[in-house]
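Visitor: Next comes the structure file final_30.cif, holding mmCIF, C-alpha atoms.
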```cif
data_work
loop_
_atom_site.label_atom_id
_atom_site.label_comp_id
_atom_site.auth_asym_id
_atom_site.auth_seq_id
_atom_site.Cartn_x
_atom_site.Cartn_y
_atom_site.Cartn_z
CA MET P 232 0.00 0.00 0.00
CA SER P 233 1.40 3.40 -1.00
CA TYR P 234 1.99 6.28 1.36
CA THR P 235 -0.73 8.27 -0.44
CA GLU P 236 -3.26 5.49 0.02
CA ILE P 237 -2.41 5.28 3.71
CA ALA P 238 -2.74 9.06 4.05
CA SER P 239 -6.13 9.00 2.29
CA ILE P 240 -7.41 6.23 4.55
CA SER P 241 -6.14 8.08 7.62
CA THR P 242 -7.91 11.24 6.51
CA ALA P 243 -11.12 9.33 5.94
CA ILE P 244 -10.90 7.81 9.41
CA ILE P 245 -10.37 11.24 10.95
CA ILE P 246 -13.41 12.61 9.11
CA ALA P 247 -15.47 9.62 10.21
CA VAL P 248 -14.45 10.13 13.84
CA VAL P 249 -15.50 13.78 13.63
CA PHE P 250 -18.85 12.77 12.12
CA ILE P 251 -19.42 10.19 14.83
CA PHE P 252 -18.47 12.75 17.45
CA PHE P 253 -21.10 15.04 16.02
CA LEU P 254 -23.74 12.32 16.08
CA THR P 255 -23.05 11.37 19.68
CA ARG P 256 -22.66 14.94 20.93
CA LYS P 257 -25.58 16.51 22.75
CA ASN P 258 -27.50 18.49 20.11
CA THR P 259 -29.45 21.66 20.91
CA VAL P 260 -31.03 22.00 17.47
CA LYS P 261 -34.81 21.78 17.37
CA GLN P 262 -34.83 18.86 14.91
CA PRO P 263 -31.88 16.67 15.94
CA LYS P 264 -33.11 13.55 14.15
CA LYS P 265 -33.37 15.30 10.80
CA THR P 266 -29.91 16.79 11.18
CA SER P 267 -28.42 13.45 12.22
CA ILE P 268 -29.91 11.69 9.19
CA SER P 269 -28.52 14.40 6.94
CA VAL P 270 -25.07 13.97 8.46
CA VAL P 271 -25.25 10.21 7.92
CA ASN P 272 -26.14 10.85 4.26
CA ALA P 273 -23.21 13.24 3.96
CA LEU P 274 -20.92 10.65 5.51
CA SER P 275 -22.17 8.02 3.07
CA ALA P 276 -21.54 10.36 0.13
CA PHE P 277 -18.06 11.17 1.41
CA PHE P 278 -17.02 7.51 1.66
CA ASN P 279 -18.47 6.82 -1.80
CA GLY P 280 -16.20 9.53 -3.20
CA ASP P 281 -19.10 11.88 -3.91
CA ASP P 282 -17.70 15.07 -2.40
CA ASN P 283 -20.19 17.28 -4.24
CA THR P 284 -23.19 15.57 -2.62
CA ALA P 285 -21.51 15.66 0.79
CA ILE P 286 -20.84 19.39 0.34
CA ASP P 287 -24.45 20.10 -0.72
CA ILE P 288 -25.87 18.29 2.32
CA LEU P 289 -23.48 19.94 4.78
CA LYS P 290 -24.04 23.40 3.23
CA ASP P 291 -27.78 22.92 3.70
CA ILE P 292 -27.24 22.04 7.37
CA ALA P 293 -24.80 24.88 7.96
CA PHE P 294 -26.79 27.66 6.32
CA LYS P 295 -29.99 26.66 8.07
CA GLY P 296 -28.22 27.23 11.35
CA GLY P 297 -28.38 23.61 12.44
CA ALA P 298 -24.67 22.86 12.42
CA ASN P 299 -22.24 22.16 15.20
CA PRO P 300 -18.73 23.62 14.70
CA GLU P 301 -17.47 20.26 13.44
CA ILE P 302 -19.76 20.54 10.40
CA TYR P 303 -18.06 23.77 9.34
CA LEU P 304 -14.66 22.17 9.84
CA ILE P 305 -15.57 19.21 7.64
CA LEU P 306 -17.16 21.43 5.01
CA GLY P 307 -14.04 23.59 4.88
CA PHE P 308 -11.91 20.47 4.53
CA LEU P 309 -14.00 19.25 1.58
CA PHE P 310 -13.76 22.61 -0.21
CA ARG P 311 -10.01 22.62 0.34
CA ARG P 312 -9.71 19.10 -1.03
CA LYS P 313 -11.52 20.27 -4.17
CA GLY P 314 -9.00 23.11 -4.48
CA ASP P 315 -11.62 25.78 -3.73
CA PHE P 316 -9.52 27.54 -1.09
CA THR P 317 -11.53 30.76 -1.16
CA ARG P 318 -14.75 28.91 -0.27
CA ALA P 319 -12.89 26.95 2.41
CA ALA P 320 -11.75 30.25 3.91
CA GLN P 321 -15.29 31.63 3.83
CA ILE P 322 -16.62 28.58 5.70
CA HIS P 323 -13.90 28.79 8.33
CA GLU P 324 -14.48 32.54 8.71
CA MET P 325 -18.17 31.89 9.40
CA MET P 326 -17.23 29.28 11.95
CA LEU P 327 -14.71 31.54 13.66
CA GLY P 328 -17.48 34.05 14.31
CA LYS P 329 -19.34 31.63 16.55
CA ASN P 330 -19.10 32.34 20.26
CA GLU P 331 -19.46 28.78 21.54
CA LEU P 332 -16.04 27.55 20.32
CA ASP P 333 -13.75 26.28 23.04
CA LYS P 334 -10.18 27.60 23.15
CA ASP P 335 -8.39 24.60 21.62
CA PHE P 336 -10.93 24.25 18.83
CA ARG P 337 -10.70 27.96 18.03
CA ASN P 338 -6.91 27.86 17.96
CA ALA P 339 -6.95 24.91 15.57
CA LEU P 340 -9.47 26.72 13.38
CA ILE P 341 -7.26 29.81 13.17
CA GLY P 342 -4.46 27.64 11.79
CA GLU P 343 -6.86 26.10 9.25
CA LEU P 344 -8.08 29.53 8.14
CA ALA P 345 -4.52 30.85 7.80
CA GLU P 346 -3.66 27.89 5.59
CA ASP P 347 -6.78 28.59 3.49
CA TYR P 348 -5.61 32.17 2.99
CA MET P 349 -2.12 31.00 2.02
CA LEU P 350 -3.41 28.42 -0.47
CA ALA P 351 -5.76 31.04 -1.93
CA GLY P 352 -2.81 33.39 -2.47
CA GLN P 353 -3.89 35.81 0.26
CA TYR P 354 -0.49 35.78 1.92
CA ALA P 355 -0.76 39.03 3.85
CA LYS P 356 -4.06 37.90 5.39
CA ALA P 357 -2.52 34.60 6.46
CA VAL P 358 0.40 36.28 8.22
CA SER P 359 -1.77 39.03 9.74
CA LEU P 360 -4.27 36.53 11.15
CA LEU P 361 -1.57 34.52 12.91
CA GLN P 362 0.37 37.54 14.13
CA ASN P 363 -2.77 38.93 15.76
CA GLU P 364 -3.44 35.66 17.58
CA HIS P 365 -0.53 35.36 20.00
CA GLN P 366 -1.74 32.05 21.42
CA VAL P 367 -1.24 30.31 18.06
CA MET P 368 1.59 32.21 16.35
CA ASN P 369 4.26 30.05 18.01
CA ASN P 370 2.69 26.81 16.84
CA PRO P 371 5.27 25.19 14.50
CA ASP P 372 2.69 24.45 11.80
CA ASN P 373 1.56 28.06 11.85
CA ILE P 374 5.16 29.31 11.66
CA ILE P 375 5.53 27.25 8.47
CA ILE P 376 2.42 28.96 7.07
CA MET P 377 3.87 32.40 7.90
CA ALA P 378 7.26 31.47 6.44
CA LYS P 379 5.76 30.16 3.20
CA SER P 380 3.36 33.11 2.91
CA ALA P 381 6.26 35.54 3.31
CA LEU P 382 8.26 33.60 0.70
CA PHE P 383 5.41 33.50 -1.82
CA SER P 384 4.90 37.26 -1.42
CA GLN P 385 8.68 37.77 -2.02
CA SER P 386 9.31 38.98 1.54
CA TYR P 387 12.44 36.85 1.67
CA ASP P 388 14.02 38.35 4.78
CA ASN P 389 10.79 37.85 6.75
CA ALA P 390 10.55 34.31 5.43
CA LEU P 391 14.05 33.53 6.69
CA GLN P 392 13.24 35.09 10.07
CA TYR P 393 10.26 32.77 10.44
CA HIS P 394 12.50 29.90 9.39
CA ILE P 395 14.95 30.78 12.19
CA LYS P 396 12.07 31.05 14.64
CA TYR P 397 10.86 27.59 13.60
CA ASN P 398 14.34 26.22 14.31
CA LYS P 399 14.47 27.85 17.75
CA ILE P 400 11.12 26.32 18.75
CA THR P 401 11.51 22.85 17.22
CA GLY P 402 15.28 22.38 16.97
CA LYS P 403 14.76 21.53 13.29
CA TYR P 404 14.74 23.35 9.98
CA ILE P 405 12.02 23.31 7.34
CA PRO P 406 13.65 20.95 4.77
CA GLY P 407 15.16 22.91 1.88
CA PHE P 408 13.51 26.19 2.88
CA PHE P 409 16.71 28.26 2.94
CA GLU P 410 17.69 26.95 -0.50
CA LYS P 411 14.25 27.79 -1.87
CA CYS P 412 14.50 31.35 -0.54
CA MET P 413 17.87 31.77 -2.24
CA VAL P 414 16.60 30.29 -5.52
CA GLU P 415 13.56 32.58 -5.50
CA LYS P 416 15.78 35.59 -4.73
CA ALA P 417 18.00 34.59 -7.66
CA VAL P 418 15.05 34.29 -10.04
CA ASN P 419 13.76 37.73 -9.05
CA ALA P 420 17.14 39.48 -8.73
CA ALA P 421 17.76 42.72 -10.61
CA ASN P 422 20.85 41.46 -12.44
CA PRO P 423 22.88 38.27 -13.10
CA GLN P 424 25.54 39.19 -10.54
CA ALA P 425 22.96 39.29 -7.75
CA SER P 426 21.46 36.03 -9.03
CA PHE P 427 24.86 34.32 -8.93
CA LYS P 428 25.32 35.51 -5.34
CA HIS P 429 22.04 33.95 -4.18
CA ILE P 430 22.67 30.71 -6.09
CA LYS P 431 26.09 30.48 -4.47
CA SER P 432 24.44 30.74 -1.02
CA ALA P 433 21.97 27.98 -1.91
CA LEU P 434 24.73 25.66 -3.15
CA GLU P 435 26.93 26.31 -0.13
CA LYS P 436 24.02 24.95 1.92
CA ASN P 437 23.29 22.06 -0.43
CA ARG P 438 25.34 21.38 -3.55
CA GLN P 439 22.75 18.88 -4.77
CA CYS P 440 19.98 21.49 -4.90
CA ARG P 441 18.74 20.80 -8.41
CA PRO P 442 16.90 24.10 -9.10
CA ALA P 443 20.00 26.06 -8.06
CA ARG P 444 22.23 23.96 -10.33
CA ILE P 445 19.90 24.42 -13.32
CA ILE P 446 19.66 28.17 -12.74
CA LYS P 447 23.44 28.40 -12.36
CA GLY P 448 23.89 26.78 -15.77
CA LEU P 449 21.32 29.09 -17.34
CA LEU P 450 23.02 32.13 -15.78
CA PHE P 451 26.30 31.07 -17.37
CA LEU P 452 24.47 30.77 -20.68
CA LYS P 453 22.79 34.17 -20.26
CA THR P 454 26.12 35.86 -19.56
CA ASP P 455 27.78 34.22 -22.62
CA LYS P 456 29.90 31.85 -20.53
CA VAL P 457 28.82 28.99 -22.75
CA GLN P 458 31.58 26.50 -21.88
CA LYS P 459 30.94 27.02 -18.16
CA ALA P 460 27.25 26.32 -18.81
CA VAL P 461 28.16 23.10 -20.62
CA ASP P 462 30.50 22.04 -17.79
CA GLU P 463 27.82 22.73 -15.18
CA PHE P 464 25.14 20.83 -17.07
CA GLN P 465 27.50 17.91 -17.71
CA GLN P 466 27.84 17.57 -13.94
CA VAL P 467 24.07 17.84 -13.54
CA ILE P 468 23.67 14.83 -15.85
CA GLU P 469 26.52 12.84 -14.29
CA GLU P 470 25.12 13.44 -10.79
CA GLY P 471 21.63 12.31 -11.85
CA LEU P 472 19.92 15.62 -11.06
CA LEU P 473 17.56 15.80 -14.05
CA ARG P 474 14.02 15.95 -12.68
CA ASP P 475 11.99 16.23 -15.86
CA MET P 476 12.39 16.81 -19.59
CA ASN P 477 12.30 20.57 -19.09
CA ASP P 478 15.59 20.19 -17.23
CA PHE P 479 17.00 18.31 -20.19
CA LYS P 480 15.80 20.99 -22.63
CA ASN P 481 17.74 23.56 -20.60
CA VAL P 482 20.83 21.36 -20.72
CA GLU P 483 20.38 20.93 -24.47
CA LYS P 484 20.27 24.72 -24.98
CA ALA P 485 23.80 25.06 -23.62
CA TYR P 486 25.19 22.25 -25.77
CA ILE P 487 23.51 23.68 -28.89
CA ALA P 488 24.91 27.14 -28.11
CA ALA P 489 28.38 25.59 -27.81
CA GLY P 490 27.93 23.55 -31.00
CA LYS P 491 28.40 20.33 -29.01
CA GLU P 492 25.16 18.42 -29.60
CA GLY P 493 27.18 15.32 -30.49
CA ASP P 494 28.99 15.53 -27.15
CA LEU P 495 25.62 15.59 -25.36
CA THR P 496 24.44 12.48 -27.20
CA ASN P 497 27.71 10.70 -26.37
CA LEU P 498 27.36 11.71 -22.70
CA LEU P 499 23.84 10.29 -22.60
CA ARG P 500 25.02 7.05 -24.24
CA GLN P 501 27.87 6.76 -21.74
CA GLN P 502 25.57 7.33 -18.77
CA ALA P 503 22.96 4.89 -20.08
CA SER P 504 25.57 2.17 -20.73
CA GLN P 505 26.86 2.60 -17.17
CA GLY P 506 23.36 1.95 -15.80
CA ALA P 507 22.48 5.51 -14.78
CA LEU P 508 19.53 5.45 -12.40
CA ASN P 509 17.96 8.73 -13.51
CA PRO P 510 15.14 7.87 -15.95
CA PHE P 511 15.35 11.13 -17.87
CA ILE P 512 18.84 10.27 -19.15
CA HIS P 513 17.37 7.19 -20.83
CA ILE P 514 14.23 8.99 -21.97
CA ALA P 515 16.31 11.84 -23.47
CA LEU P 516 18.58 9.37 -25.29
CA SER P 517 15.53 7.49 -26.57
CA GLU P 518 14.13 10.76 -27.92
CA LYS P 519 17.44 11.46 -29.66
CA TYR P 520 17.21 8.10 -31.45
CA GLU P 521 13.56 8.67 -32.28
CA TYR P 522 14.36 12.13 -33.71
CA ASN P 523 16.89 10.44 -36.03
CA ASN P 524 14.24 7.86 -37.07
CA GLU P 525 16.04 5.09 -35.18
CA LYS P 526 12.83 3.90 -33.55
CA GLU P 527 14.03 0.41 -32.73
CA SER P 528 17.06 1.82 -30.88
CA ALA P 529 14.77 4.27 -29.07
CA LYS P 530 12.59 1.38 -27.94
CA ILE P 531 15.54 -0.80 -26.89
CA ILE P 532 16.97 1.99 -24.69
CA LEU P 533 13.76 2.18 -22.64
CA GLU P 534 13.26 -1.60 -22.54
CA SER P 535 16.81 -2.16 -21.32
CA TYR P 536 16.39 0.48 -18.63
CA ILE P 537 13.15 -0.83 -17.15
CA GLU P 538 14.59 -4.35 -17.03
CA GLN P 539 17.09 -3.17 -14.41
CA PRO P 540 16.32 -3.90 -10.73
CA ASP P 541 13.99 -1.57 -8.80
CA SER P 542 10.97 0.26 -10.16
CA LYS P 543 11.34 2.38 -13.31
CA ILE P 544 7.86 3.83 -13.45
CA ILE P 545 8.37 6.98 -15.57
CA ALA P 546 10.40 5.23 -18.28
CA ALA P 547 7.86 2.40 -18.36
CA LYS P 548 5.03 4.90 -18.89
CA VAL P 549 6.96 6.56 -21.74
CA LEU P 550 7.63 3.16 -23.31
CA ALA P 551 3.95 2.20 -23.07
CA GLU P 552 2.79 5.49 -24.58
CA LYS P 553 5.32 5.92 -27.39
CA PHE P 554 5.46 2.32 -28.55
CA ASN P 555 1.90 1.26 -27.69
CA ASN P 556 3.00 -1.42 -25.24
CA LYS P 557 -0.38 -2.23 -23.70
CA PHE P 558 1.04 -4.83 -21.31
CA ILE P 559 3.50 -2.39 -19.73
CA GLY P 560 0.83 0.32 -19.83
CA HIS P 561 -1.58 -1.84 -17.86
CA ILE P 562 1.07 -2.66 -15.24
CA VAL P 563 2.02 0.97 -14.55
CA LYS P 564 -1.38 2.57 -15.13
CA ASP P 565 -2.21 3.14 -11.46
CA THR P 566 1.32 3.65 -10.13
CA TYR P 567 2.90 6.92 -9.07
CA SER P 568 5.86 8.43 -10.92
CA PHE P 569 7.46 10.57 -8.19
CA LYS P 570 8.19 10.12 -4.51
CA CYS P 571 9.29 12.46 -1.72
CA ARG P 572 12.62 11.42 -0.22
CA ASN P 573 11.75 13.19 3.02
CA CYS P 574 8.33 11.72 3.91
CA GLY P 575 7.45 9.16 1.22
CA PHE P 576 4.57 11.11 -0.37
CA GLU P 577 3.84 9.85 -3.90
CA THR P 578 2.45 11.76 -6.88
CA ASN P 579 2.21 11.62 -10.67
CA GLN P 580 3.19 15.27 -11.07
CA TYR P 581 6.56 16.78 -10.29
CA LYS P 582 6.42 19.52 -7.65
CA ASP P 583 9.15 21.74 -6.21
CA ASP P 584 7.64 21.40 -2.72
CA CYS P 585 6.28 18.22 -1.23
CA PRO P 586 2.54 18.78 -0.60
CA LYS P 587 2.73 16.59 2.49
CA CYS P 588 5.84 17.70 4.41
CA SER P 589 6.68 21.00 2.61
CA ALA P 590 10.25 19.83 1.90
CA TYR P 591 11.82 21.67 -1.04
CA ASP P 592 13.48 19.79 -3.91
CA SER P 593 12.62 16.43 -2.33
CA ILE P 594 10.36 14.98 -5.07
CA TYR P 595 12.35 12.50 -7.17
CA PRO P 596 11.38 10.18 -10.03
CA LYS P 597 10.77 6.55 -9.17
#
```
Just give me the structure of the file as C-alpha cells.

Guide:
Amino acid sequence: MSYTEIASISTAIIIAVVFIFFLTRKNTVKQPKKTSISVVNALSAFFNGDDNTAIDILKDIAFKGGANPEIYLILGFLFRRKGDFTRAAQIHEMMLGKNELDKDFRNALIGELAEDYMLAGQYAKAVSLLQNEHQVMNNPDNIIIMAKSALFSQSYDNALQYHIKYNKITGKYIPGFFEKCMVEKAVNAANPQASFKHIKSALEKNRQCRPARIIKGLLFLKTDKVQKAVDEFQQVIEEGLLRDMNDFKNVEKAYIAAGKEGDLTNLLRQQASQGALNPFIHIALSEKYEYNNEKESAKIILESYIEQPDSKIIAAKVLAEKFNNKFIGHIVKDTYSFKCRNCGFETNQYKDDCPKCSAYDSIYPK
C-alpha cells in the first residue's frame, strides 16, 4: 500500500471520527433527528467519493443554522480538497465568528483559516491573522504557514526570520527552505551578478539542490559563458539531477549554443551504458534516437532500462505510450511516478515542494 493510500485512509478515518463525534454529541437543534440523518447521508456520500453531494448536504445544514462547529470544519476540509480555497476560507471565517467555540478548537481553526488564505494566495491575510493571535503564532505548523506566505509574497528576509524562529522552537529546519529562498531571490534578482550571489548561497548549503544547479547553468548561458554552462550541465547529468524533460531541454540549450550536440548524445550514451539510475537520461537518449528515425534503438533503450532492478515507473510509462506497449501500460497505469525522499509522499506530477511535508526539492522520479 502506497503512502498516499495510507494518508487518504487516515484522513477518511479522521473525518469519520468527527462525524461520529457530532452524532453522539448533545445536540441543541430543534430537529436533531433530521440533522443526524442528513449527516449520515453526507458521511455516506463522502465515503463513496461523492464530495459534491456531501458538500451540498453539509451546506444545507450549515446555512440553516443547524450545524455544530465540526460541520463547518468538515465542510471547509471538503472545499479545500476540491481546491476551492476561497470557499474553504469563507466557511472557516463563518465558523470563527461563533461564540461557543472552546479555546483549543478555536486555535486549531485559526491555523486552518490561515492555511486557506495562504493556499488562496492571500499571503498578507494569512500572516496578519496569525500575528494577531498570540496564542497560536508560536505553533510550528503556523510558523511554516507564515514562512511560506512571506516567501510567496517575495518577503524573503521575513521568510528567513520565520524559518529561524521555527528552528528555535523545534530544533529543526524546514527541509530545503533556505535553499528555496535563495533560488527565489536569484530568479527575481535585478541582475545576473545578484542572481549568482544567491545561487552560491543555496549551493553552499546544499550542492545537490537541483533548481540552483539548473539556474546556475542558465546564468552562465545568459552571460555568454557557454563552456561554463556546458561544464555545469554535464555535472548535472553525471550526478543524476535531471528531474523532468524541461531540465534536459535547458541542458540541451547550452550544448547547442556551444555547438556540441554530439557531445551531449555521447554523454547520454555513456551514462545509459553505465546503468544511470535517472530515468530522464534514458528517456532523453531514446528521444534522440527517435528524432533520427532510429525507432528500434529508441525502444531498446527504454526496454533495457526498465529491465534493471527496482521500479522504473516513468520510463515504463513513456515506453507504453510511445510504442503502444499495452502490457506495460496496464502494469504501470495506477502507479505513481514521483516520490518524496523526506516523507514518502507519492504523486504523478513533479512539484518543487512536497505537498505533504513541505520539503523543497525532495520529489524525485521513481

Visitor: Considering all atoms listed in the file, return as number ranges by chain whatever protein or nucleic-acid residues lie within 9 Å of Ala355 of chain P, sequence-local ones (same chain, fewer than 5 positions apart) excluded.

Guide: P: 348-349, 360, 380-381, 384

Visitor: Can you work out which one of P:Leu452, P:Glu364, P:Gln465, P:Ala488 has the shortest atom-to-atom distance to Lys334 of chain P, counting only C-alpha atoms?

Guide: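 When distances to Lys334 of chain P are compared using only C-alpha atoms, the smallest one comes from P:Glu364.
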
Visitor: Nearest to Ala443 of chain P among P:Lys530, P:Lys356, P:Lys411, P:Arg318, with distances taken over only C-alpha atoms: which residue is it?

Guide: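 When distances to Ala443 of chain P are compared using only C-alpha atoms, the smallest one comes from P:Lys411.
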
Visitor: Which is closer to Ala320 of chain P than all the others in P:Asp347, P:Ala515, P:Ala339, P:Glu470, using all atoms listed in the file?

Guide: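 Distance minimum relative to Ala320 of chain P lands on P:Asp347.
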
Visitor: P:Leu450, P:Leu516, P:Ala590, P:Val482: which is nearest Ile375 of chain P, counting all atoms listed in the file?

Guide: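 Checking each candidate against Ile375 of chain P, we get P:Ala590 as the closest.
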
Visitor: Taking all atoms of segment 458-476 of chain P that appear in the file, build a box with edges along x, y and z, extend it by 4 Å on every side, and state its centre and edge lengths in Å to one decimal, as lines of an AutoDock Vina configuration file.

Guide:
```
center_x = 21.8
center_y = 19.7
center_z = -16.3
size_x = 27.6
size_y = 22.7
size_z = 19.1
```

Visitor: For atom CA of Gln502 of chain P and atom CA of Ile468 of chain P, quote the distance in Å rounded to one decimal.

Guide: 8.3 Å

Visitor: Which distance in Å separates atom CA of Asn422 of chain P and atom CA of Gly448 of chain P, to one decimal?

Guide: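 Computing the Euclidean distance for atom CA of Asn422 of chain P and atom CA of Gly448 of chain P yields 15.4 Å.
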